[in-house]
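Listing of query13.cif, mmCIF, C-alpha atoms
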data_structure
loop_
_atom_site.label_atom_id
_atom_site.label_comp_id
_atom_site.auth_asym_id
_atom_site.auth_seq_id
_atom_site.Cartn_x
_atom_site.Cartn_y
_atom_site.Cartn_z
CA MET W 16 0.00 0.00 0.00
CA LEU W 17 1.20 3.49 -0.79
CA SER W 18 1.57 6.03 1.98
CA LEU W 19 -0.41 9.27 1.96
CA TYR W 20 2.74 11.09 0.89
CA GLN W 21 3.38 8.65 -1.98
CA ASN W 22 -0.20 8.98 -3.22
CA PHE W 23 0.11 12.77 -3.13
CA ARG W 24 3.43 12.62 -5.02
CA TYR W 25 1.91 10.40 -7.72
CA LEU W 26 -0.97 12.82 -8.10
CA LEU W 27 1.15 15.96 -8.07
CA CYS W 28 4.04 14.76 -10.22
CA GLY W 29 2.29 12.21 -12.41
CA ARG W 30 -1.07 13.89 -12.98
CA LYS W 31 -0.30 17.54 -12.11
CA PHE W 32 -3.44 19.72 -12.34
CA ARG W 33 -5.76 16.79 -13.00
CA GLY W 34 -4.38 15.04 -9.93
CA LEU W 35 -4.96 18.02 -7.68
CA THR W 36 -8.54 18.36 -8.95
CA SER W 37 -9.35 14.64 -8.70
CA PRO W 38 -11.91 15.07 -5.86
CA LEU W 39 -13.87 17.27 -8.29
CA ARG W 40 -13.89 14.62 -10.99
CA VAL W 41 -16.34 11.84 -11.85
CA LEU W 42 -15.91 8.09 -12.20
CA PRO W 43 -16.78 6.14 -15.37
CA ASP W 44 -20.34 5.22 -16.28
CA PHE W 45 -19.23 2.31 -18.45
CA ILE W 46 -16.08 0.26 -19.03
CA VAL W 47 -14.88 -1.55 -22.15
CA ILE W 48 -13.12 -4.62 -20.74
CA GLY W 49 -11.90 -6.50 -23.80
CA VAL W 50 -10.42 -7.88 -25.85
CA GLY W 51 -6.90 -6.96 -26.88
CA ARG W 52 -6.35 -6.86 -30.66
CA GLY W 53 -10.12 -6.45 -31.03
CA GLY W 54 -10.52 -2.83 -32.10
CA THR W 55 -10.92 -1.27 -28.67
CA THR W 56 -8.54 1.61 -29.46
CA SER W 57 -10.71 2.57 -32.42
CA LEU W 58 -13.79 2.26 -30.22
CA TYR W 59 -12.20 4.56 -27.63
CA HIS W 60 -12.00 7.30 -30.29
CA TYR W 61 -15.45 6.63 -31.78
CA LEU W 62 -17.24 6.92 -28.44
CA ASN W 63 -15.87 10.37 -27.71
CA GLN W 64 -17.55 11.72 -30.86
CA HIS W 65 -21.02 11.40 -29.35
CA ASN W 66 -22.26 14.70 -27.91
CA CYS W 67 -23.11 13.14 -24.56
CA ILE W 68 -19.89 11.16 -24.07
CA GLN W 69 -16.48 12.41 -22.95
CA LYS W 70 -13.42 10.19 -22.94
CA SER W 71 -10.89 9.51 -20.20
CA SER W 72 -7.39 11.00 -20.48
CA TYR W 73 -6.26 7.95 -22.45
CA ASP W 74 -7.26 4.37 -23.09
CA GLU W 75 -5.80 1.32 -21.33
CA ILE W 76 -5.78 3.00 -17.90
CA GLY W 77 -5.44 -0.36 -16.15
CA PHE W 78 -6.50 0.97 -12.77
CA PHE W 79 -8.25 -2.13 -11.49
CA ASP W 80 -5.15 -4.31 -11.80
CA ASP W 81 -1.71 -2.83 -12.60
CA ASN W 82 -2.44 0.62 -11.17
CA TYR W 83 -4.79 -0.26 -8.32
CA HIS W 84 -2.13 0.65 -5.77
CA LEU W 85 -2.19 4.27 -6.96
CA GLY W 86 -5.56 4.82 -5.33
CA LEU W 87 -8.97 6.16 -6.22
CA ASN W 88 -7.91 9.81 -6.56
CA TRP W 89 -5.40 8.80 -9.23
CA TYR W 90 -8.20 7.00 -11.09
CA ARG W 91 -10.54 10.00 -10.78
CA SER W 92 -7.82 12.21 -12.28
CA MET W 93 -8.38 10.39 -15.58
CA PHE W 94 -11.95 11.64 -16.02
CA PRO W 95 -13.80 14.92 -16.66
CA THR W 96 -14.78 17.26 -13.83
CA LYS W 97 -18.24 17.48 -12.31
CA TYR W 98 -18.42 20.98 -13.81
CA GLU W 99 -17.76 19.58 -17.30
CA LYS W 100 -20.43 16.98 -16.67
CA GLN W 101 -23.01 19.63 -15.80
CA LYS W 102 -22.11 21.65 -18.89
CA VAL W 103 -22.71 18.63 -21.14
CA ILE W 104 -25.98 17.79 -19.37
CA GLN W 105 -27.24 21.36 -19.76
CA LYS W 106 -26.39 21.35 -23.47
CA PHE W 107 -27.25 17.79 -24.52
CA GLY W 108 -29.34 16.31 -21.70
CA LYS W 109 -27.07 13.45 -20.64
CA PHE W 110 -23.42 12.83 -19.80
CA LEU W 111 -21.31 9.66 -19.76
CA THR W 112 -17.60 8.95 -19.49
CA TYR W 113 -15.71 5.69 -19.82
CA ASP W 114 -12.63 3.54 -19.28
CA VAL W 115 -11.29 1.32 -22.09
CA THR W 116 -8.90 -1.32 -20.73
CA PRO W 117 -9.06 -4.47 -22.90
CA TRP W 118 -7.06 -6.78 -20.65
CA TYR W 119 -9.55 -6.55 -17.76
CA VAL W 120 -11.56 -9.39 -19.30
CA ARG W 121 -8.74 -11.89 -18.92
CA ARG W 122 -7.91 -10.80 -15.37
CA PRO W 123 -10.96 -11.96 -13.41
CA TRP W 124 -9.87 -10.42 -10.11
CA THR W 125 -10.65 -7.02 -11.65
CA ALA W 126 -14.35 -7.89 -11.91
CA ASN W 127 -14.95 -7.86 -8.15
CA ARG W 128 -12.95 -4.65 -7.73
CA ILE W 129 -15.05 -2.94 -10.39
CA LYS W 130 -18.30 -4.27 -8.96
CA SER W 131 -17.35 -3.09 -5.47
CA LEU W 132 -16.46 0.44 -6.57
CA LEU W 133 -18.98 0.86 -9.40
CA PRO W 134 -21.92 -1.47 -8.71
CA SER W 135 -24.13 -0.02 -11.49
CA VAL W 136 -21.45 0.42 -14.13
CA LYS W 137 -22.18 -0.89 -17.62
CA ILE W 138 -19.77 -3.31 -19.26
CA ILE W 139 -18.96 -3.54 -22.97
CA VAL W 140 -17.01 -6.48 -24.40
CA VAL W 141 -15.61 -6.55 -27.93
CA LEU W 142 -14.77 -10.11 -28.99
CA ARG W 143 -12.74 -10.94 -32.09
CA ASN W 144 -12.66 -14.28 -33.90
CA PRO W 145 -10.05 -16.05 -31.73
CA VAL W 146 -8.25 -17.38 -34.81
CA ASP W 147 -7.63 -13.87 -36.11
CA ARG W 148 -6.98 -12.48 -32.63
CA THR W 149 -4.31 -15.14 -32.05
CA TYR W 150 -2.59 -14.33 -35.34
CA SER W 151 -2.73 -10.57 -34.69
CA HIS W 152 -1.30 -11.09 -31.19
CA TYR W 153 1.55 -13.16 -32.66
CA HIS W 154 2.52 -10.37 -35.07
CA LEU W 155 2.30 -7.78 -32.29
CA THR W 156 4.72 -9.90 -30.26
CA ARG W 157 7.05 -10.14 -33.25
CA ARG W 158 7.08 -6.35 -33.64
CA GLU W 159 7.45 -5.47 -29.97
CA LYS W 160 9.59 -8.30 -28.61
CA GLY W 161 11.51 -9.56 -31.61
CA LEU W 162 9.89 -13.00 -31.64
CA THR W 163 11.58 -15.16 -34.30
CA LYS W 164 9.65 -18.43 -34.10
CA SER W 165 7.05 -19.13 -36.75
CA PHE W 166 3.35 -18.82 -35.99
CA GLU W 167 2.97 -22.58 -36.36
CA GLU W 168 5.75 -23.20 -33.83
CA ILE W 169 4.14 -20.80 -31.36
CA ILE W 170 0.67 -22.35 -31.56
CA ASP W 171 2.09 -25.86 -31.24
CA GLU W 172 3.96 -24.81 -28.09
CA ASP W 173 0.89 -23.03 -26.75
CA ILE W 174 -1.39 -26.02 -27.26
CA GLN W 175 1.15 -28.27 -25.54
CA LYS W 176 1.33 -25.93 -22.51
CA ILE W 177 -2.46 -25.74 -22.32
CA ASN W 178 -2.79 -29.53 -22.53
CA ASN W 179 -0.20 -30.03 -19.78
CA TYR W 180 -1.60 -27.42 -17.41
CA ASP W 181 -2.85 -28.73 -14.07
CA ASP W 182 -6.67 -28.90 -14.31
CA ASP W 183 -6.94 -28.22 -10.58
CA LEU W 184 -5.45 -24.77 -11.14
CA LYS W 185 -7.78 -23.90 -14.02
CA ASN W 186 -9.58 -20.58 -13.45
CA SER W 187 -7.31 -19.68 -10.53
CA GLU W 188 -5.49 -16.34 -10.45
CA GLU W 189 -2.30 -18.26 -11.19
CA TYR W 190 -3.85 -19.74 -14.33
CA TYR W 191 -4.77 -16.30 -15.71
CA ALA W 192 -1.64 -14.53 -14.51
CA GLU W 193 0.76 -17.16 -15.84
CA LEU W 194 -0.72 -19.30 -18.59
CA VAL W 195 -3.36 -17.02 -20.15
CA GLN W 196 -1.21 -13.89 -19.85
CA ASN W 197 1.67 -15.57 -21.68
CA SER W 198 -0.36 -17.52 -24.23
CA HIS W 199 -1.41 -16.44 -27.70
CA ILE W 200 -4.13 -19.09 -27.86
CA ALA W 201 -5.58 -19.16 -24.32
CA ARG W 202 -6.49 -15.49 -24.53
CA GLY W 203 -9.09 -16.64 -27.06
CA PHE W 204 -10.93 -18.84 -24.52
CA TYR W 205 -13.53 -16.14 -24.06
CA LEU W 206 -16.19 -18.06 -22.18
CA GLU W 207 -13.96 -18.98 -19.25
CA GLN W 208 -12.83 -15.35 -19.01
CA LEU W 209 -16.39 -14.00 -19.14
CA GLU W 210 -17.88 -16.38 -16.58
CA ILE W 211 -17.21 -14.17 -13.56
CA TRP W 212 -18.44 -11.04 -15.34
CA LEU W 213 -21.66 -12.78 -16.36
CA THR W 214 -22.09 -14.00 -12.78
CA ILE W 215 -21.60 -10.82 -10.76
CA PHE W 216 -22.96 -8.19 -13.17
CA ASP W 217 -26.60 -7.91 -14.15
CA LYS W 218 -27.18 -9.29 -17.64
CA LYS W 219 -28.83 -6.06 -18.75
CA ASN W 220 -25.63 -4.17 -17.89
CA ILE W 221 -23.40 -6.20 -20.22
CA LEU W 222 -23.17 -5.73 -23.98
CA ILE W 223 -21.10 -8.15 -26.06
CA ILE W 224 -20.30 -7.21 -29.66
CA SER W 225 -17.95 -8.63 -32.26
CA SER W 226 -14.84 -6.95 -33.55
CA GLU W 227 -15.92 -7.90 -37.05
CA ASP W 228 -19.21 -6.01 -36.72
CA LEU W 229 -17.38 -3.03 -35.28
CA ALA W 230 -15.00 -3.01 -38.27
CA GLU W 231 -17.45 -3.81 -41.06
CA ASN W 232 -20.71 -2.26 -39.84
CA THR W 233 -19.27 0.48 -37.68
CA GLN W 234 -22.12 2.97 -37.51
CA LYS W 235 -24.72 0.24 -36.96
CA THR W 236 -22.61 -1.24 -34.18
CA MET W 237 -22.11 2.17 -32.60
CA ASN W 238 -25.88 2.65 -32.64
CA SER W 239 -26.29 -0.62 -30.73
CA ILE W 240 -23.80 0.71 -28.16
CA PHE W 241 -25.65 4.01 -27.87
CA ASN W 242 -28.93 2.13 -27.37
CA PHE W 243 -27.29 0.06 -24.65
CA LEU W 244 -26.14 3.28 -22.97
CA ASP W 245 -29.64 4.81 -23.27
CA LEU W 246 -28.41 7.52 -25.63
CA GLU W 247 -29.83 8.76 -28.90
CA ASN W 248 -28.14 7.44 -32.00
CA GLN W 249 -25.67 9.83 -33.54
CA ILE W 250 -23.59 9.74 -36.71
CA ILE W 251 -19.90 9.30 -35.97
CA PRO W 252 -18.04 11.55 -38.44
CA ASN W 253 -14.56 10.00 -38.11
CA LEU W 254 -14.55 6.23 -38.44
CA GLN W 255 -10.83 5.87 -39.06
CA LYS W 256 -9.46 2.61 -37.68
CA ILE W 257 -6.61 2.94 -35.18
CA ASN W 258 -3.68 0.52 -34.60
CA VAL W 259 -4.51 -1.70 -37.56
CA GLY W 260 -1.86 -4.38 -37.96
CA LYS W 261 -0.45 -5.24 -41.38
CA TYR W 262 1.01 -8.69 -41.91
CA PRO W 263 0.92 -11.62 -44.38
CA LYS W 264 -2.18 -13.75 -44.74
CA MET W 265 -2.31 -16.80 -42.48
CA LYS W 266 -1.63 -20.16 -44.12
CA GLU W 267 -4.93 -21.87 -44.97
CA GLU W 268 -3.85 -25.13 -43.32
CA THR W 269 -2.98 -23.27 -40.11
CA ARG W 270 -6.29 -21.39 -40.18
CA LYS W 271 -8.19 -24.64 -40.54
CA THR W 272 -6.27 -26.14 -37.60
CA LEU W 273 -7.16 -23.20 -35.38
CA GLU W 274 -10.78 -23.08 -36.52
CA ASN W 275 -11.13 -26.72 -35.50
CA TYR W 276 -9.33 -26.06 -32.23
CA PHE W 277 -11.58 -23.15 -31.24
CA PHE W 278 -14.81 -24.65 -32.61
CA ASP W 279 -16.17 -26.04 -29.33
CA HIS W 280 -14.96 -23.04 -27.34
CA ASN W 281 -16.90 -20.74 -29.67
CA LYS W 282 -19.96 -22.97 -29.70
CA ASN W 283 -20.16 -22.97 -25.90
CA LEU W 284 -19.60 -19.20 -25.81
CA PHE W 285 -22.46 -18.54 -28.25
CA LYS W 286 -24.79 -20.71 -26.22
CA LYS W 287 -23.91 -18.93 -22.98
CA ILE W 288 -24.22 -15.36 -24.29
CA GLU W 289 -27.21 -16.23 -26.52
CA LYS W 290 -25.57 -14.54 -29.47
CA TYR W 291 -23.87 -15.97 -32.55
CA PHE W 292 -20.85 -14.55 -34.38
CA ASN W 293 -19.85 -15.99 -37.75
CA TRP W 294 -16.54 -17.47 -36.61
CA ASN W 295 -17.20 -21.19 -37.07
CA LYS W 296 -17.05 -21.79 -40.82
#
Conversion result in structure tokens:
Amino acid sequence: MLSLYQNFRYLLCGRKFRGLTSPLRVLPDFIVIGVGRGGTTSLYHYLNQHNCIQKSSYDEIGFFDDNYHLGLNWYRSMFPTKYEKQKVIQKFGKFLTYDVTPWYVRRPWTANRIKSLLPSVKIIVVLRNPVDRTYSHYHLTRREKGLTKSFEEIIDEDIQKINNYDDDLKNSEEYYAELVQNSHIARGFYLEQLEIWLTIFDKKNILIISSEDLAENTQKTMNSIFNFLDLENQIIPNLQKINVGKYPKMKEETRKTLENYFFDHNKNLFKKIEKYFNWNK
């Protein structure tokens, strides 16, 4: 735990004016919890274009896990002031702000922290076809960490680790912190990651959309988000995609292998969330 002095220093040095005014700031009305490589950075920028929505200082705040020790005032410093909120309400009738941190979904201990602090918060989940998400994650790792192994080598190693993992530790914090965090494939086991969210949050407060719909039918998907947030639909003028990865097409044989591997995982997910995405060819 940080001392009072340390918290003050983080606020003063790290957040400057926003840190000092944190008691005058609001907390988020909704949180986008996942998934990485699913278009959440683009969504962060789309949301802010609605008249009634103001963004946080940046996306991927990570307060409820990596930055939890910095304290609530640090988190508040990321959001608009109560004065800004009132100005938006007076002009447009409603005000919302939000946190986009896509790794929350695969770190289940964050769910209880969020529920405790923000019991009525709305949750948005963007899920990408796990085959494509796995491949995108692999190329991100190549760019950022200099990975030299082939994609096929990586997925073979991943599957072996998953198969050898102690079943008694499945769904423990250790499982998510060690295996899922360091796996390209296991991050695509969406149902096991969503279980706790679907258990502790009211169903009506969770919206699950697909990355493919967000990319291909952007305005329609944004309208579904606005409806979920009880806002009027609004045209988003700038639909530019952010952080789009460019890499060679996946080998067809490898794609087929992964489609077969994820088939049952996807099938069980669709049944649980009562929604179907066109991932299982």
Applied to the shown file, which residues does the PyMOL selection byres ((chain W and resi 42) around 12) return, written as number ranges by chain? W: 37-41, 43-46, 69-71, 78, 87-97, 100, 110-114, 129, 132-136
How many Å separate atom CA of Tyr73 of chain W from atom CA of Leu85 of chain W? 16.4 Å
Within 10 Å of Ile288 of chain W, counting all atoms listed in the file, which residues qualify if same-chain residues fewer than 5 places away don't, as a PyMOL selection string? chain W and resi 206+209+213+218+222-223+283
With distances taken over all atoms listed in the file, which residue among W:Gln255, W:Lys164, W:Tyr98, W:Tyr262 lies nearest Leu229 of chain W? W:Gln255
I'd like the neighbourhood of Ser151 of chain W as JSON, numbers by chain, where a residue qualifies if any of its atoms comes within 8 Å (using all atoms listed in the file), though same-chain residues fewer than 3 positions away should be ignored. {"W": [52, 147, 148, 154, 155, 260]}
For the selection just defined, write its residues with C-alpha atoms to a file, as a PDB file, keeping the file's coordinate frame.
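The file below, out_19.pdb, is the result:
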ATOM      1  CA  ARG W  52      -6.350  -6.860 -30.660  1.00  0.00           C
ATOM      2  CA  ASP W 147      -7.630 -13.870 -36.110  1.00  0.00           C
ATOM      3  CA  ARG W 148      -6.980 -12.480 -32.630  1.00  0.00           C
ATOM      4  CA  HIS W 154       2.520 -10.370 -35.070  1.00  0.00           C
ATOM      5  CA  LEU W 155       2.300  -7.780 -32.290  1.00  0.00           C
ATOM      6  CA  GLY W 260      -1.860  -4.380 -37.960  1.00  0.00           C
TER       7      GLY W 260
END
Written as a ChimeraX atom specification, what is the full residue list that the PyMOL selection byres ((chain W and resi 186-190) around 12) yields on the file shown? /W:121-125,176-177,180-185,191-198,201-202,204,206-211
Would you write out those residues with C-alpha atoms, as an mmCIF file, in the frame of the given file?
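File written: out12.cif
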data_model
loop_
_atom_site.group_PDB
_atom_site.id
_atom_site.type_symbol
_atom_site.label_atom_id
_atom_site.label_comp_id
_atom_site.auth_asym_id
_atom_site.auth_seq_id
_atom_site.Cartn_x
_atom_site.Cartn_y
_atom_site.Cartn_z
ATOM 1 C CA ARG W 121 -8.740 -11.890 -18.920
ATOM 2 C CA ARG W 122 -7.910 -10.800 -15.370
ATOM 3 C CA PRO W 123 -10.960 -11.960 -13.410
ATOM 4 C CA TRP W 124 -9.870 -10.420 -10.110
ATOM 5 C CA THR W 125 -10.650 -7.020 -11.650
ATOM 6 C CA LYS W 176 1.330 -25.930 -22.510
ATOM 7 C CA ILE W 177 -2.460 -25.740 -22.320
ATOM 8 C CA TYR W 180 -1.600 -27.420 -17.410
ATOM 9 C CA ASP W 181 -2.850 -28.730 -14.070
ATOM 10 C CA ASP W 182 -6.670 -28.900 -14.310
ATOM 11 C CA ASP W 183 -6.940 -28.220 -10.580
ATOM 12 C CA LEU W 184 -5.450 -24.770 -11.140
ATOM 13 C CA LYS W 185 -7.780 -23.900 -14.020
ATOM 14 C CA TYR W 191 -4.770 -16.300 -15.710
ATOM 15 C CA ALA W 192 -1.640 -14.530 -14.510
ATOM 16 C CA GLU W 193 0.760 -17.160 -15.840
ATOM 17 C CA LEU W 194 -0.720 -19.300 -18.590
ATOM 18 C CA VAL W 195 -3.360 -17.020 -20.150
ATOM 19 C CA GLN W 196 -1.210 -13.890 -19.850
ATOM 20 C CA ASN W 197 1.670 -15.570 -21.680
ATOM 21 C CA SER W 198 -0.360 -17.520 -24.230
ATOM 22 C CA ALA W 201 -5.580 -19.160 -24.320
ATOM 23 C CA ARG W 202 -6.490 -15.490 -24.530
ATOM 24 C CA PHE W 204 -10.930 -18.840 -24.520
ATOM 25 C CA LEU W 206 -16.190 -18.060 -22.180
ATOM 26 C CA GLU W 207 -13.960 -18.980 -19.250
ATOM 27 C CA GLN W 208 -12.830 -15.350 -19.010
ATOM 28 C CA LEU W 209 -16.390 -14.000 -19.140
ATOM 29 C CA GLU W 210 -17.880 -16.380 -16.580
ATOM 30 C CA ILE W 211 -17.210 -14.170 -13.560
#
So which residues get picked by the PyMOL selection byres ((chain W and resi 141) around 8) here, written as a VMD selection string? chain W and resid 47 to 50 53 to 55 139 to 140 142 to 143 223 to 226
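Shortest separation to Glu99 of chain W among W:Glu167, W:Cys67, W:Gly86, W:Asn293 occurs at residue W:Cys67, atoms counted being all atoms listed in the file.
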If we count only C-alpha atoms, what is near segment 61-65 of chain W at a cut-off of 9 Å, once residues fewer than 5 positions away on the same chain are taken out, given as a ChimeraX atom specification? /W:56,70,112-113,237,241,248-255
For a test of reading the model, state the distance in Å between atom CA of His280 of chain W and atom CA of Ile221 of chain W, rounded to one decimal. 20.1 Å
For Ile104 of chain W, which residue among W:Thr116, W:Asn66, W:His84, W:Ile76 is the nearest when counting all atoms listed in the file?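 Once distances to Ile104 of chain W are computed over all atoms listed in the file, the minimum belongs to W:Asn66.
Between Phe292 of chain W and the residues W:Asn144, W:Asn82, W:Asn242, W:Ser72, the shortest atom-to-atom distance, using only C-alpha atoms, involves W:Asn144.
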Could you tell me how far atom CA of Phe216 of chain W sits from atom CA of Tyr59 of chain W, in Å to one decimal place? 22.1 Å
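For the choices W:Asp80, W:Thr236, W:Pro145, W:Ile200, the atom-to-atom distance to Phe278 of chain W is smallest for W:Pro145 when using all atoms listed in the file.
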Can you work out which one of W:Val146, W:Asp81, W:Ser239, W:Asp245 has the shortest atom-to-atom distance to Gly108 of chain W, counting only C-alpha atoms? W:Asp245
